[in-house]
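A.B. asks: First the structure, then my questions, so here it is.
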Amino acid sequence: MARTRVRIPSLLALSAALPLILATGCGGDTGSSDDGARPDDGKPVVVVTTTWEGAFAKAAGAEDVTVIVPSSTHHAPDYDPKPSDLAAVAKADFVLYAPFEPYAAKIKEAAGSEAELVEVSLDNDADKVRAEVARLGKLFGTEDAATTWKSGFDTEYTKLSQELKGAWPDGKSPNVVSQAFTGWAAKLAGATTVGTYGPEAVTPAQLADLSKKKPALVLDNAHMSTGTVLPDSGATQVKIVNYPADDLDLLGVYRAAADELKKAMGTAS
């Protein structure tokens, strides 16, 4: 459900207002008790900044997960925290954030929460995902659930990778240029990465160099797109989405990328 954006002069003001926020019951929906206490069921209460961290937490076995930044926000680091966000943090056992999200630590500090602040390495590279989910599972005390998820992930990842290799144009691994945060998609497809760019816009010198590589595909980051990367090069640009949907299904990101790559390889020359 869409939320009304509220601009607050400072996080210090939010911190001062938090007791009133909690007293009036305007906290975020975390699944915890209405009085702000954590549920006494042994399950961790997790608050995450975005659906990306949320998907990692869910994969690791967390069931009570609250996402602060709406999935409709195009660039998560630009989000303005609201009083209800602080109320949600105050009920958490763990608060997950990424280092490129500068507001996350300030949210915890302003709320005066006793939650453990956990930095998450957001990268959809399969090996890094497995390691991060295992780490979070151990932290949450949900190792069995994390192991079960990893088994399903391995099966699905292998299936998608085989399907993509079967779609290679002329049976050959396509040459691709990847944005800084889309290399995982090239790896999923078994593609040959001949160049990378970003996160800054491509300079004329980079454009000339990348064009010489004659890539069949350009894997663009949907969340940091700078427009057409290699115009007039003949390369097909593919939009790769890193953030999961509201269902926090990390596998959905891989399926969506596989679908886009299959379509692109079907049109690549």
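Residue names in the structure tokens use chain letters A, B, ... in the order shown, residue numbers from 1 in each chain, and ligand numbers from 1 in the order shown.
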Within range 22-213 of chain A, find each residue whose DSSP state, derived from the backbone, is helix (DSSP H, G or I), and express the selection as JSON, numbers by chain.
C.D. replies: {"A": [22, 23, 51, 52, 53, 54, 55, 56, 57, 58, 59, 76, 77, 78, 83, 84, 85, 86, 87, 88, 89, 90, 104, 105, 106, 107, 108, 109, 110, 111, 126, 127, 128, 129, 130, 131, 132, 133, 134, 135, 136, 137, 138, 139, 140, 143, 144, 145, 146, 147, 148, 149, 150, 151, 152, 153, 154, 155, 156, 157, 158, 159, 160, 161, 162, 163, 164, 165, 166, 169, 170, 171, 183, 184, 185, 186, 187, 188, 189, 204, 205, 206, 207, 208, 209, 210, 211, 212]}
A.B. asks: Hey, what's within 8 Å of range 249-262 of chain A if we count only C-alpha atoms and toss same-chain stuff fewer than 3 positions away? As a PDB file with N, CA, C and O atoms, in the first residue's frame, please?
C.D. replies:
```pdb
ATOM      1  N   TRP A  52      15.296  -6.043  -1.091  1.00  0.00           N
ATOM      2  CA  TRP A  52      16.490  -6.855  -1.360  1.00  0.00           C
ATOM      3  C   TRP A  52      16.988  -7.499  -0.064  1.00  0.00           C
ATOM      4  O   TRP A  52      17.166  -8.707   0.020  1.00  0.00           O
ATOM      5  N   ALA A  55      14.453 -10.062   1.121  1.00  0.00           N
ATOM      6  CA  ALA A  55      14.507 -11.370   0.466  1.00  0.00           C
ATOM      7  C   ALA A  55      15.633 -12.223   1.044  1.00  0.00           C
ATOM      8  O   ALA A  55      15.481 -13.438   1.216  1.00  0.00           O
ATOM      9  N   PHE A  56      16.751 -11.598   1.364  1.00  0.00           N
ATOM     10  CA  PHE A  56      17.847 -12.324   2.006  1.00  0.00           C
ATOM     11  C   PHE A  56      17.394 -12.838   3.373  1.00  0.00           C
ATOM     12  O   PHE A  56      17.683 -13.985   3.748  1.00  0.00           O
ATOM     13  N   LYS A  58      14.303 -13.446   4.412  1.00  0.00           N
ATOM     14  CA  LYS A  58      13.306 -14.502   4.234  1.00  0.00           C
ATOM     15  C   LYS A  58      13.971 -15.804   3.816  1.00  0.00           C
ATOM     16  O   LYS A  58      13.625 -16.884   4.312  1.00  0.00           O
ATOM     17  N   ALA A  59      14.939 -15.720   2.915  1.00  0.00           N
ATOM     18  CA  ALA A  59      15.654 -16.915   2.485  1.00  0.00           C
ATOM     19  C   ALA A  59      16.384 -17.567   3.648  1.00  0.00           C
ATOM     20  O   ALA A  59      16.506 -18.794   3.723  1.00  0.00           O
ATOM     21  N   PHE A 153      17.269 -23.259  -3.994  1.00  0.00           N
ATOM     22  CA  PHE A 153      17.930 -22.247  -4.820  1.00  0.00           C
ATOM     23  C   PHE A 153      18.883 -22.912  -5.811  1.00  0.00           C
ATOM     24  O   PHE A 153      18.895 -22.578  -7.003  1.00  0.00           O
ATOM     25  N   GLU A 156      16.927 -24.546  -8.663  1.00  0.00           N
ATOM     26  CA  GLU A 156      16.336 -23.587  -9.596  1.00  0.00           C
ATOM     27  C   GLU A 156      17.407 -22.860 -10.407  1.00  0.00           C
ATOM     28  O   GLU A 156      17.254 -22.632 -11.612  1.00  0.00           O
ATOM     29  N   TYR A 157      18.490 -22.501  -9.753  1.00  0.00           N
ATOM     30  CA  TYR A 157      19.571 -21.780 -10.441  1.00  0.00           C
ATOM     31  C   TYR A 157      20.160 -22.644 -11.560  1.00  0.00           C
ATOM     32  O   TYR A 157      20.386 -22.168 -12.675  1.00  0.00           O
ATOM     33  N   LEU A 160      17.674 -22.794 -14.509  1.00  0.00           N
ATOM     34  CA  LEU A 160      17.637 -21.562 -15.286  1.00  0.00           C
ATOM     35  C   LEU A 160      18.907 -21.406 -16.119  1.00  0.00           C
ATOM     36  O   LEU A 160      18.854 -20.995 -17.289  1.00  0.00           O
ATOM     37  N   LEU A 164      19.185 -21.142 -20.225  1.00  0.00           N
ATOM     38  CA  LEU A 164      19.799 -20.001 -20.902  1.00  0.00           C
ATOM     39  C   LEU A 164      20.915 -20.454 -21.841  1.00  0.00           C
ATOM     40  O   LEU A 164      21.052 -19.939 -22.961  1.00  0.00           O
ATOM     41  N   ALA A 167      19.671 -21.517 -24.989  1.00  0.00           N
ATOM     42  CA  ALA A 167      19.150 -20.441 -25.842  1.00  0.00           C
ATOM     43  C   ALA A 167      20.256 -19.605 -26.474  1.00  0.00           C
ATOM     44  O   ALA A 167      19.966 -18.620 -27.154  1.00  0.00           O
ATOM     45  N   ALA A 185      23.991 -11.674 -13.651  1.00  0.00           N
ATOM     46  CA  ALA A 185      23.082 -12.141 -14.700  1.00  0.00           C
ATOM     47  C   ALA A 185      23.866 -12.728 -15.867  1.00  0.00           C
ATOM     48  O   ALA A 185      23.448 -13.715 -16.488  1.00  0.00           O
ATOM     49  N   LEU A 188      24.853 -16.133 -14.742  1.00  0.00           N
ATOM     50  CA  LEU A 188      23.714 -17.042 -14.811  1.00  0.00           C
ATOM     51  C   LEU A 188      23.540 -17.583 -16.224  1.00  0.00           C
ATOM     52  O   LEU A 188      23.242 -18.766 -16.421  1.00  0.00           O
ATOM     53  N   ALA A 189      23.723 -16.722 -17.209  1.00  0.00           N
ATOM     54  CA  ALA A 189      23.524 -17.103 -18.612  1.00  0.00           C
ATOM     55  C   ALA A 189      24.731 -17.814 -19.207  1.00  0.00           C
ATOM     56  O   ALA A 189      24.645 -18.318 -20.331  1.00  0.00           O
ATOM     57  N   VAL A 238      19.507  -5.134 -22.317  1.00  0.00           N
ATOM     58  CA  VAL A 238      18.621  -5.939 -21.479  1.00  0.00           C
ATOM     59  C   VAL A 238      18.484  -5.300 -20.113  1.00  0.00           C
ATOM     60  O   VAL A 238      19.498  -4.997 -19.460  1.00  0.00           O
ATOM     61  N   LYS A 239      17.261  -5.094 -19.674  1.00  0.00           N
ATOM     62  CA  LYS A 239      17.027  -4.503 -18.357  1.00  0.00           C
ATOM     63  C   LYS A 239      17.075  -5.593 -17.295  1.00  0.00           C
ATOM     64  O   LYS A 239      16.282  -6.530 -17.306  1.00  0.00           O
ATOM     65  N   ILE A 240      18.010  -5.464 -16.352  1.00  0.00           N
ATOM     66  CA  ILE A 240      18.161  -6.428 -15.267  1.00  0.00           C
ATOM     67  C   ILE A 240      17.706  -5.789 -13.961  1.00  0.00           C
ATOM     68  O   ILE A 240      18.201  -4.727 -13.565  1.00  0.00           O
ATOM     69  N   VAL A 241      16.761  -6.427 -13.290  1.00  0.00           N
ATOM     70  CA  VAL A 241      16.213  -5.929 -12.021  1.00  0.00           C
ATOM     71  C   VAL A 241      16.872  -6.674 -10.872  1.00  0.00           C
ATOM     72  O   VAL A 241      16.886  -7.909 -10.843  1.00  0.00           O
ATOM     73  N   ASN A 242      17.431  -5.940  -9.934  1.00  0.00           N
ATOM     74  CA  ASN A 242      18.098  -6.544  -8.778  1.00  0.00           C
ATOM     75  C   ASN A 242      17.180  -6.740  -7.582  1.00  0.00           C
ATOM     76  O   ASN A 242      17.348  -7.688  -6.812  1.00  0.00           O
ATOM     77  N   TYR A 243      16.229  -5.833  -7.397  1.00  0.00           N
ATOM     78  CA  TYR A 243      15.384  -5.866  -6.205  1.00  0.00           C
ATOM     79  C   TYR A 243      14.199  -6.813  -6.374  1.00  0.00           C
ATOM     80  O   TYR A 243      13.488  -6.744  -7.374  1.00  0.00           O
ATOM     81  N   PRO A 244      13.962  -7.680  -5.401  1.00  0.00           N
ATOM     82  CA  PRO A 244      12.785  -8.564  -5.445  1.00  0.00           C
ATOM     83  C   PRO A 244      11.493  -7.771  -5.296  1.00  0.00           C
ATOM     84  O   PRO A 244      11.497  -6.596  -4.891  1.00  0.00           O
ATOM     85  N   ALA A 245      10.391  -8.427  -5.603  1.00  0.00           N
ATOM     86  CA  ALA A 245       9.075  -7.807  -5.451  1.00  0.00           C
ATOM     87  C   ALA A 245       8.645  -7.832  -3.981  1.00  0.00           C
ATOM     88  O   ALA A 245       9.389  -8.274  -3.102  1.00  0.00           O
ATOM     89  N   ASP A 246       7.435  -7.384  -3.723  1.00  0.00           N
ATOM     90  CA  ASP A 246       6.941  -7.318  -2.345  1.00  0.00           C
ATOM     91  C   ASP A 246       6.816  -8.684  -1.687  1.00  0.00           C
ATOM     92  O   ASP A 246       6.726  -8.773  -0.460  1.00  0.00           O
ATOM     93  N   MET A 265      18.418 -12.887 -26.296  1.00  0.00           N
ATOM     94  CA  MET A 265      19.274 -13.765 -27.091  1.00  0.00           C
ATOM     95  C   MET A 265      18.558 -14.254 -28.350  1.00  0.00           C
ATOM     96  O   MET A 265      19.195 -14.579 -29.360  1.00  0.00           O
ATOM     97  N   GLY A 266      17.235 -14.260 -28.292  1.00  0.00           N
ATOM     98  CA  GLY A 266      16.475 -14.646 -29.467  1.00  0.00           C
ATOM     99  C   GLY A 266      16.504 -13.607 -30.560  1.00  0.00           C
ATOM    100  O   GLY A 266      16.260 -13.903 -31.727  1.00  0.00           O
TER     101      GLY A 266
END
```
A.B. asks: Please identify the strand (DSSP E) residues within range 54-190 of chain A (assignment by DSSP from backbone atoms) and present them as a list in words.
C.D. replies: Asp64, Val65, Thr66, Val67, Phe94, Val95, Leu96, Tyr97, Glu116, Leu117, Val118, Glu119, Asn175, Val176, Val177, Ser178 and Gln179 of chain A
A.B. asks: Can you list, as JSON, numbers by chain, every protein, DNA or RNA residue that comes within 12 Å of Lys138 in chain A when you count only C-alpha atoms, leaving out same-chain residues fewer than 4 positions away?
C.D. replies: {"A": [44, 57, 60, 61, 62, 131, 132, 133, 134, 142, 143, 144, 145, 146, 147]}
A.B. asks: From the set A:Ser211, A:Pro169, A:Thr192, A:Gln206, which residue has the shortest atom-to-atom contact distance to Ala264 in chain A, counting only C-alpha atoms?
C.D. replies: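 Closest to Ala264 in chain A of all the choices is A:Pro169.
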A.B. asks: Would you kindly return, as a list in words, each protein, DNA or RNA residue with an atom no farther than 9 Å from any atom of range 224-232 of chain A, considering only C-alpha atoms and excluding same-chain residues fewer than 6 positions away?
C.D. replies: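 Listed by chain and then number, they are His74, His75, Gly198, Pro199, Glu200, Ala201, Val202, Leu207, Ala208, Leu210, Ser211, Val218 and Lys239 of chain A.
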A.B. asks: Let's have the selection written as a compact mmCIF listing (two decimals), in the first residue's frame, with all heavy atoms.
C.D. replies:
```txt
# COMPACT_ATOMS: atom_id res chain seq x y z
N HIS A 74 12.26 4.13 -6.79
CA HIS A 74 13.19 3.76 -7.87
C HIS A 74 14.62 3.64 -7.36
O HIS A 74 15.34 2.70 -7.71
CB HIS A 74 13.13 4.79 -8.99
CG HIS A 74 14.02 4.46 -10.16
ND1 HIS A 74 13.77 3.41 -11.02
CD2 HIS A 74 15.18 5.02 -10.59
CE1 HIS A 74 14.72 3.34 -11.93
NE2 HIS A 74 15.59 4.30 -11.69
N HIS A 75 15.04 4.58 -6.52
CA HIS A 75 16.41 4.57 -6.00
C HIS A 75 16.34 4.61 -4.49
O HIS A 75 16.15 5.65 -3.88
CB HIS A 75 17.20 5.77 -6.55
CG HIS A 75 18.67 5.68 -6.30
ND1 HIS A 75 19.39 6.70 -5.72
CD2 HIS A 75 19.57 4.69 -6.54
CE1 HIS A 75 20.66 6.35 -5.61
NE2 HIS A 75 20.79 5.13 -6.10
N GLY A 198 29.92 1.71 -15.44
CA GLY A 198 29.15 2.20 -14.31
C GLY A 198 29.87 2.03 -12.98
O GLY A 198 30.97 1.52 -12.91
N PRO A 199 29.18 2.45 -11.90
CA PRO A 199 27.82 2.97 -11.90
C PRO A 199 27.65 4.36 -12.52
O PRO A 199 26.55 4.83 -12.72
CB PRO A 199 27.45 2.98 -10.42
CG PRO A 199 28.74 3.11 -9.70
CD PRO A 199 29.74 2.37 -10.53
N GLU A 200 28.76 5.04 -12.80
CA GLU A 200 28.65 6.35 -13.43
C GLU A 200 28.27 6.19 -14.91
O GLU A 200 28.38 5.12 -15.48
CB GLU A 200 29.98 7.11 -13.34
CG GLU A 200 30.44 7.40 -11.93
CD GLU A 200 31.15 6.21 -11.31
OE1 GLU A 200 31.45 5.24 -12.04
OE2 GLU A 200 31.38 6.22 -10.08
N ALA A 201 27.82 7.29 -15.50
CA ALA A 201 27.47 7.26 -16.92
C ALA A 201 28.70 6.94 -17.75
O ALA A 201 29.84 7.23 -17.37
CB ALA A 201 26.89 8.61 -17.34
N VAL A 202 28.47 6.32 -18.90
CA VAL A 202 29.56 5.94 -19.79
C VAL A 202 30.16 7.18 -20.44
O VAL A 202 29.45 8.02 -21.00
CB VAL A 202 29.06 4.97 -20.88
CG1 VAL A 202 30.20 4.58 -21.82
CG2 VAL A 202 28.45 3.73 -20.26
N LEU A 207 32.75 4.52 -24.17
CA LEU A 207 31.82 4.14 -25.24
C LEU A 207 32.59 3.59 -26.44
O LEU A 207 32.23 2.54 -26.99
CB LEU A 207 31.00 5.36 -25.66
CG LEU A 207 30.05 5.18 -26.84
CD1 LEU A 207 29.00 4.13 -26.52
CD2 LEU A 207 29.38 6.51 -27.20
N ALA A 208 33.65 4.26 -26.82
CA ALA A 208 34.44 3.81 -27.96
C ALA A 208 35.09 2.46 -27.67
O ALA A 208 35.10 1.57 -28.53
CB ALA A 208 35.51 4.85 -28.28
N LEU A 210 34.14 0.11 -25.41
CA LEU A 210 33.16 -0.96 -25.30
C LEU A 210 32.58 -1.33 -26.66
O LEU A 210 32.30 -2.50 -26.92
CB LEU A 210 32.03 -0.54 -24.34
CG LEU A 210 32.42 -0.39 -22.87
CD1 LEU A 210 31.25 0.18 -22.06
CD2 LEU A 210 32.88 -1.72 -22.28
N SER A 211 32.40 -0.37 -27.52
CA SER A 211 31.85 -0.64 -28.85
C SER A 211 32.80 -1.53 -29.65
O SER A 211 32.36 -2.38 -30.44
CB SER A 211 31.61 0.67 -29.61
OG SER A 211 30.58 1.42 -28.99
N VAL A 218 23.92 -5.83 -23.87
CA VAL A 218 24.32 -4.92 -22.80
C VAL A 218 23.37 -5.16 -21.64
O VAL A 218 22.15 -4.99 -21.78
CB VAL A 218 24.25 -3.44 -23.24
CG1 VAL A 218 24.54 -2.53 -22.05
CG2 VAL A 218 25.23 -3.17 -24.37
N LYS A 239 17.26 -5.09 -19.67
CA LYS A 239 17.03 -4.50 -18.36
C LYS A 239 17.08 -5.59 -17.30
O LYS A 239 16.28 -6.53 -17.31
CB LYS A 239 15.67 -3.80 -18.33
CG LYS A 239 15.35 -3.13 -17.00
CD LYS A 239 14.10 -2.29 -17.07
CE LYS A 239 12.86 -3.15 -17.23
NZ LYS A 239 11.61 -2.37 -17.17
```
A.B. asks: Given only C-alpha atoms as the basis, pick out the residue of A:Val177, A:Leu117, A:Val95, A:Leu86 nearest to Gly54 in chain A.
C.D. replies: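 Closest residue, counting only C-alpha atoms: A:Val95.
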A.B. asks: I'd like the interatomic distance between CA of Val176 in chain A and CA of Ala76 in chain A, to a tenth of an Å.
C.D. replies: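 That distance, rounded to one decimal, is 26.9 Å.
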A.B. asks: How far is it from CA of Leu96 in chain A to CA of Glu119 in chain A, in Å with one decimal?
C.D. replies: 5.9 Å
A.B. asks: Excluding same-chain residues fewer than 5 positions from Val67 in chain A, what lies within 6 Å of it counting only C-alpha atoms, as a PyMOL selection string?
C.D. replies: chain A and resi 48-50
A.B. asks: I need the residue nearest Ala186 in chain A from this list: A:Asp170, A:Asp125, A:Glu163, A:Asp64. Use only C-alpha atoms for the distance.
C.D. replies: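 Going through A:Asp170, A:Asp125, A:Glu163, A:Asp64 one by one, the smallest distance to Ala186 in chain A is for A:Asp125.
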A.B. asks: Quick one: distance from CA of Asn124 in chain A to CA of Val69 in chain A in Å, one decimal?
C.D. replies: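 According to the coordinates, CA of Asn124 in chain A and CA of Val69 in chain A are separated by 19.2 Å.
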